$ cat structure-v4.txt   # compact mmCIF, C-alpha atoms
# COMPACT_ATOMS: atom_id res chain seq x y z
CA MET F 155 111.92 90.35 89.67
CA ARG F 156 112.60 90.61 93.41
CA ALA F 157 109.79 89.64 95.77
CA ASP F 158 109.70 93.10 97.38
CA LEU F 159 109.20 94.74 93.98
CA ILE F 160 106.44 92.29 93.12
CA SER F 161 104.82 93.12 96.46
CA THR F 162 105.10 96.86 95.83
CA LYS F 163 103.52 96.51 92.39
CA ALA F 164 100.76 94.31 93.79
CA VAL F 165 99.94 96.90 96.46
CA ARG F 166 99.87 99.66 93.88
CA ASP F 167 97.71 97.67 91.49
CA ALA F 168 95.26 96.70 94.26
CA ALA F 169 95.00 100.33 95.37
CA THR F 170 94.31 101.39 91.78
CA ASP F 171 91.58 98.77 91.39
CA LEU F 172 89.82 99.88 94.58
CA ALA F 173 90.12 103.59 93.84
CA THR F 174 88.81 103.06 90.30
CA ALA F 175 85.88 101.00 91.58
CA ALA F 176 84.94 103.73 94.06
CA ALA F 177 85.19 106.49 91.47
CA ALA F 178 83.28 104.62 88.77
CA GLY F 179 80.71 103.03 91.07
CA VAL F 180 81.52 99.63 89.60
CA ALA F 181 82.83 96.93 91.92
CA CYS F 182 86.12 95.21 91.15
CA ALA F 183 87.38 91.65 91.51
CA PRO F 184 88.75 90.60 94.91
CA VAL F 185 92.19 92.12 95.43
CA ARG F 186 93.41 88.98 97.18
CA ALA F 187 94.26 87.81 93.67
CA LEU F 188 96.99 90.47 93.79
CA ILE F 189 98.12 90.52 97.43
CA GLY F 190 97.18 87.05 98.63
CA ASP F 191 94.65 86.11 101.27
CA THR F 192 96.81 86.19 104.42
CA ASP F 193 99.25 89.13 104.19
CA LEU F 194 97.66 91.75 106.45
CA ASP F 195 100.65 94.10 106.16
CA ALA F 196 100.17 94.20 102.39
CA ALA F 197 96.44 94.77 102.85
CA TYR F 198 97.01 97.69 105.23
CA ALA F 199 99.58 99.06 102.78
CA VAL F 200 96.86 99.09 100.11
CA GLN F 201 94.47 100.83 102.51
CA SER F 202 97.12 103.43 103.38
CA THR F 203 97.87 104.05 99.71
CA VAL F 204 94.22 104.70 98.85
CA THR F 205 93.78 106.91 101.93
CA ALA F 206 96.92 108.92 101.14
CA GLU F 207 95.63 109.58 97.64
CA ARG F 208 92.30 110.74 99.04
CA VAL F 209 94.06 113.07 101.47
CA ALA F 210 96.26 114.42 98.68
CA GLY F 211 93.03 115.20 96.84
CA GLY F 212 91.72 117.30 99.74
CA ALA F 213 90.05 114.80 102.09
CA ARG F 214 90.74 115.03 105.83
CA VAL F 215 91.22 112.16 108.28
CA VAL F 216 88.71 112.49 111.16
CA GLY F 217 88.94 109.11 112.86
CA ARG F 218 88.89 105.34 112.64
CA LYS F 219 86.46 102.47 112.48
CA ILE F 220 86.82 99.01 113.95
CA GLY F 221 85.51 96.00 112.07
CA LEU F 222 85.30 92.25 112.64
CA THR F 223 84.37 92.58 116.31
CA SER F 224 81.92 89.69 116.03
CA PRO F 225 83.42 86.25 116.77
CA ALA F 226 81.08 84.71 114.18
CA VAL F 227 82.35 87.02 111.43
CA GLN F 228 85.94 86.44 112.52
CA ARG F 229 85.43 82.70 112.15
CA GLN F 230 83.87 83.24 108.73
CA LEU F 231 86.98 85.09 107.52
CA GLY F 232 89.43 82.86 109.36
CA VAL F 233 90.87 85.52 111.67
CA PHE F 234 91.03 85.98 115.42
CA GLN F 235 91.23 89.73 115.83
CA PRO F 236 89.40 92.82 114.54
CA ASP F 237 90.56 95.09 111.74
CA PHE F 238 90.39 98.85 111.28
CA GLY F 239 89.78 101.49 108.63
CA THR F 240 90.06 105.25 108.32
CA LEU F 241 87.22 107.77 108.48
CA LEU F 242 87.48 110.78 106.19
CA ASP F 243 85.49 113.99 106.54
CA ASP F 244 83.26 113.33 103.53
CA MET F 245 82.16 110.02 105.06
CA VAL F 246 80.49 111.66 108.08
CA TYR F 247 76.79 112.59 108.22
CA SER F 248 74.69 114.01 111.01
CA HIS F 249 71.56 112.56 112.62
CA GLY F 250 68.69 112.69 110.12
CA GLU F 251 70.75 114.28 107.33
CA PRO F 252 69.95 112.86 103.86
CA VAL F 253 72.46 110.19 102.87
CA PRO F 254 72.48 109.54 99.09
CA LEU F 255 72.19 105.86 98.19
CA ALA F 256 74.01 106.62 94.95
CA ALA F 257 77.21 107.12 96.94
CA PHE F 258 77.40 103.37 97.68
CA LEU F 259 77.60 100.11 95.76
CA ARG F 260 76.10 97.47 98.09
CA PRO F 261 75.40 99.31 101.37
CA ARG F 262 74.55 97.72 104.70
CA VAL F 263 73.88 99.39 108.04
CA GLU F 264 74.77 98.50 111.61
CA ALA F 265 74.31 100.27 114.95
CA GLU F 266 77.39 101.23 116.94
CA ILE F 267 78.74 103.41 119.72
CA ALA F 268 81.05 106.21 118.59
CA PHE F 269 83.85 107.41 120.87
CA VAL F 270 85.03 111.02 120.53
CA PHE F 271 88.47 111.68 121.98
CA GLY F 272 89.39 114.74 124.01
CA ALA F 273 93.05 113.77 124.44
CA ASP F 274 95.73 111.84 122.59
CA VAL F 275 96.31 108.19 123.49
CA THR F 276 100.09 107.91 123.44
CA ALA F 277 100.96 105.28 126.06
CA GLN F 278 103.23 102.61 124.63
CA ARG F 279 100.64 99.93 125.40
CA PRO F 280 97.38 101.74 126.13
CA SER F 281 95.06 100.23 128.71
CA VAL F 282 91.28 100.43 128.85
CA VAL F 283 91.75 103.07 131.55
CA ASP F 284 93.87 105.17 129.16
CA VAL F 285 91.12 104.91 126.55
CA LEU F 286 88.31 105.78 128.95
CA ARG F 287 90.26 108.70 130.40
CA ALA F 288 90.95 110.13 126.93
CA THR F 289 87.34 109.77 125.74
CA GLU F 290 85.50 113.10 125.92
CA PHE F 291 82.08 111.61 125.18
CA VAL F 292 80.26 108.85 123.29
CA THR F 293 77.24 108.99 121.03
CA ALA F 294 74.95 106.66 119.12
CA ALA F 295 75.99 105.97 115.54
CA ILE F 296 74.95 104.06 112.45
CA GLU F 297 77.75 102.85 110.24
CA ILE F 298 77.03 102.35 106.56
CA VAL F 299 79.37 99.60 105.45
CA ASP F 300 80.05 99.03 101.78
CA SER F 301 82.38 97.02 99.58
CA ARG F 302 84.16 97.94 96.41
CA ILE F 303 84.68 94.18 95.95
CA ARG F 304 82.20 92.53 93.61
CA ASP F 305 79.28 90.76 95.36
CA TRP F 306 80.88 91.19 98.80
CA ASP F 307 83.19 88.29 97.86
CA ILE F 308 85.72 89.12 100.56
CA ARG F 309 88.38 87.51 102.66
CA ILE F 310 90.39 89.27 105.34
CA THR F 311 92.89 90.93 102.98
CA ASP F 312 90.09 92.17 100.71
CA THR F 313 88.22 93.94 103.50
CA VAL F 314 91.35 95.39 105.12
CA ALA F 315 92.61 96.72 101.78
CA ASP F 316 89.15 98.16 101.10
CA ASN F 317 89.33 100.38 104.18
CA ALA F 318 87.69 97.74 106.36
CA SER F 319 84.64 97.87 104.06
CA SER F 320 83.86 101.42 105.18
CA GLY F 321 81.18 103.49 103.53
CA ALA F 322 80.00 106.28 105.82
CA VAL F 323 78.81 107.00 109.33
CA VAL F 324 75.83 108.87 110.72
CA LEU F 325 76.56 110.33 114.15
CA GLY F 326 74.02 111.06 116.84
CA ALA F 327 73.51 114.69 117.84
CA THR F 328 73.65 114.19 121.62
CA PRO F 329 76.91 113.57 123.51
CA TYR F 330 76.89 111.30 126.57
CA SER F 331 79.41 111.00 129.37
CA LEU F 332 80.95 107.62 130.12
CA THR F 333 80.54 108.21 133.84
CA GLY F 334 78.36 105.47 135.26
CA LEU F 335 77.67 103.99 131.81
CA ASP F 336 78.25 100.24 131.41
CA LEU F 337 78.92 99.97 127.69
CA ALA F 338 78.63 96.19 127.69
CA GLU F 339 75.04 96.48 128.94
CA VAL F 340 73.87 99.02 126.36
CA GLY F 341 70.96 97.41 124.50
CA MET F 342 70.28 98.23 120.85
CA VAL F 343 67.34 98.04 118.47
CA LEU F 344 67.76 99.01 114.81
CA GLU F 345 64.54 99.82 112.96
CA THR F 346 63.67 100.32 109.30
CA ASP F 347 60.76 102.73 108.93
CA GLY F 348 59.61 101.75 112.42
CA GLU F 349 60.06 97.96 112.08
CA PRO F 350 62.79 96.26 114.15
CA VAL F 351 65.36 94.56 111.89
CA SER F 352 68.33 94.03 114.23
CA THR F 353 68.87 93.81 117.98
CA GLY F 354 71.95 93.47 120.11
CA ALA F 355 74.02 94.88 122.96
CA GLY F 356 77.43 96.27 123.76
CA SER F 357 78.60 92.86 124.91
CA ALA F 358 78.48 91.67 121.27
CA CYS F 359 81.42 93.96 120.53
CA LEU F 360 84.41 92.02 121.95
CA GLY F 361 82.62 91.91 125.30
CA SER F 362 82.50 95.71 125.47
CA PRO F 363 83.05 98.56 123.00
CA ALA F 364 85.72 99.88 125.38
CA VAL F 365 87.69 96.66 124.88
CA ALA F 366 87.44 97.04 121.09
CA VAL F 367 88.70 100.62 121.21
CA THR F 368 91.55 99.58 123.49
CA TRP F 369 92.56 96.98 120.88
CA LEU F 370 92.56 99.74 118.25
CA ALA F 371 94.58 102.10 120.44
CA ARG F 372 97.25 99.44 120.91
CA GLU F 373 97.33 98.52 117.24
CA LEU F 374 97.64 102.14 116.09
CA THR F 375 100.34 102.88 118.68
CA ARG F 376 102.25 99.82 117.48
CA ARG F 377 102.03 101.19 113.95
CA GLY F 378 103.24 104.65 115.02
CA ASP F 379 99.95 106.46 114.38
CA PRO F 380 98.16 106.77 117.75
CA LEU F 381 94.64 108.02 118.39
CA ARG F 382 94.48 111.80 118.60
CA ALA F 383 92.29 114.35 120.35
CA GLY F 384 89.27 115.22 118.21
CA GLN F 385 89.16 111.90 116.41
CA VAL F 386 86.01 109.77 116.19
CA VAL F 387 86.19 106.00 116.59
CA LEU F 388 83.41 103.61 115.60
CA SER F 389 83.77 100.80 118.08
CA GLY F 390 82.03 97.95 116.20
CA ALA F 391 78.60 96.54 115.54
CA LEU F 392 76.22 95.88 118.43
CA GLY F 393 74.07 93.50 116.39
CA PRO F 394 73.60 91.90 112.95
CA VAL F 395 74.18 93.99 109.86
CA VAL F 396 71.18 94.90 107.68
CA ALA F 397 71.27 95.21 103.87
CA VAL F 398 69.93 98.48 102.44
CA GLU F 399 67.69 97.56 99.53
CA ALA F 400 65.79 100.83 99.01
CA PRO F 401 65.45 104.38 100.30
CA GLY F 402 64.23 104.59 103.88
CA ARG F 403 64.91 105.77 107.40
CA TYR F 404 67.01 103.59 109.69
CA ARG F 405 66.78 104.42 113.38
CA ALA F 406 69.05 102.96 116.05
CA ARG F 407 67.86 103.11 119.66
CA LEU F 408 70.62 102.60 122.22
CA ASP F 409 69.86 102.31 125.93
CA GLY F 410 71.19 105.38 127.68
CA LEU F 411 72.45 106.91 124.43
CA GLY F 412 69.25 107.99 122.70
CA THR F 413 68.62 107.52 119.01
CA VAL F 414 70.28 108.22 115.68
CA ASP F 415 68.64 108.23 112.25
CA ALA F 416 70.24 107.37 108.91
CA ASN F 417 67.99 108.82 106.21
CA MET F 418 68.85 106.95 103.01
CA VAL F 419 67.51 108.81 99.98
CA GLY F 420 67.50 108.60 96.20
CA GLU F 421 68.24 105.65 93.98
CA SER F 422 70.99 103.11 94.45
CA GLN F 423 73.74 102.53 91.89

$ encode --input "structure-v4.txt" --output "structure tokens"
Amino acid sequence: MRADLISTKAVRDAATDLATAAAAGVACAPVRALIGDTDLDAAYAVQSTVTAERVAGGARVVGRKIGLTSPAVQRQLGVFQPDFGTLLDDMVYSHGEPVPLAAFLRPRVEAEIAFVFGADVTAQRPSVVDVLRATEFVTAAIEIVDSRIRDWDIRITDTVADNASSGAVVLGATPYSLTGLDLAEVGMVLETDGEPVSTGAGSACLGSPAVAVTWLARELTRRGDPLRAGQVVLSGALGPVVAVEAPGRYRARLDGLGTVDANMVGESQ
């Protein structure tokens, strides 16, 4: 069999494994066994296949998320750049809204800054100025990351194929202008039921969340699918990720951007 046909079958099989795991709530084996552990194009093809099936079933694309913005995590996975995933409408929750634990397999939370775009970013090689000019406002956010891969046993192709280990996002209810706001200096404290469990700052995200979003804008433009007006972008973690072991309220406090609460309820899978 030709290599391209083997690759096509591997992508299809990996997409089926991930979609089945999500639907059944039972994690699958690492998909790198199918697509290898270095082929990012194959991994993004898997991600696109799963996303297209979700959209065909009625889901709507509302934005993107950036992952692997921490140099330490990049070293752990043997890569030197971030990755990205797709946000769908049923992944988005509002500040304080109940988020069912049963919707996830092995959830973790991290505090981020969300960018909301008021204009398309269509420059051939977008600059940070293009990104800042197109941003309508930012808001505090908590991303709920999750993995359909058993025991979080992931390498770079596993997480990319699995939609950059996306689960959901809780968005803050207050928009903030970028004018006069130094994103690199935004401090963060993430609390669980009032107890601090993670701290960090905007500088932990590739030096600045604006730099991370600029990377995404360039990558998406290169792939022919640029950022669009109305889309939300999660720019990357501001501090260490925290495992969600039980129901509870997670509150992120971001300097100059207020607070956002993720209210995890019910029983886990």

$ closest_residue --input "structure-v4.txt" --among "F:Pro394, F:Gly361, F:Gly217, F:Gly341" --to "Leu241 (chain F)" --atoms "only C-alpha atoms"
F:Gly217

$ closest_residue --input "structure-v4.txt" --among "F:Val270, F:Ala364, F:Ile220, F:Val323" --to "Leu242 (chain F)" --atoms "all atoms listed in the file"
F:Val323

$ residues_around --input "structure-v4.txt" --residues "Val263 (chain F)" --least-positions-apart "3" --cutoff "9 Å" --atoms "only C-alpha atoms" --output "PyMOL selection string"
chain F and resi 296-300+394-398+404+416

$ atom_distance --input "structure-v4.txt" --atom1 "CA of Thr328 (chain F)" --atom2 "CA of Thr293 (chain F)"
6.3 Å

$ closest_residue --input "structure-v4.txt" --among "F:Ser389, F:Thr240, F:Ser320, F:Ser352" --to "Ala366 (chain F)" --atoms "all atoms listed in the file"
F:Ser389
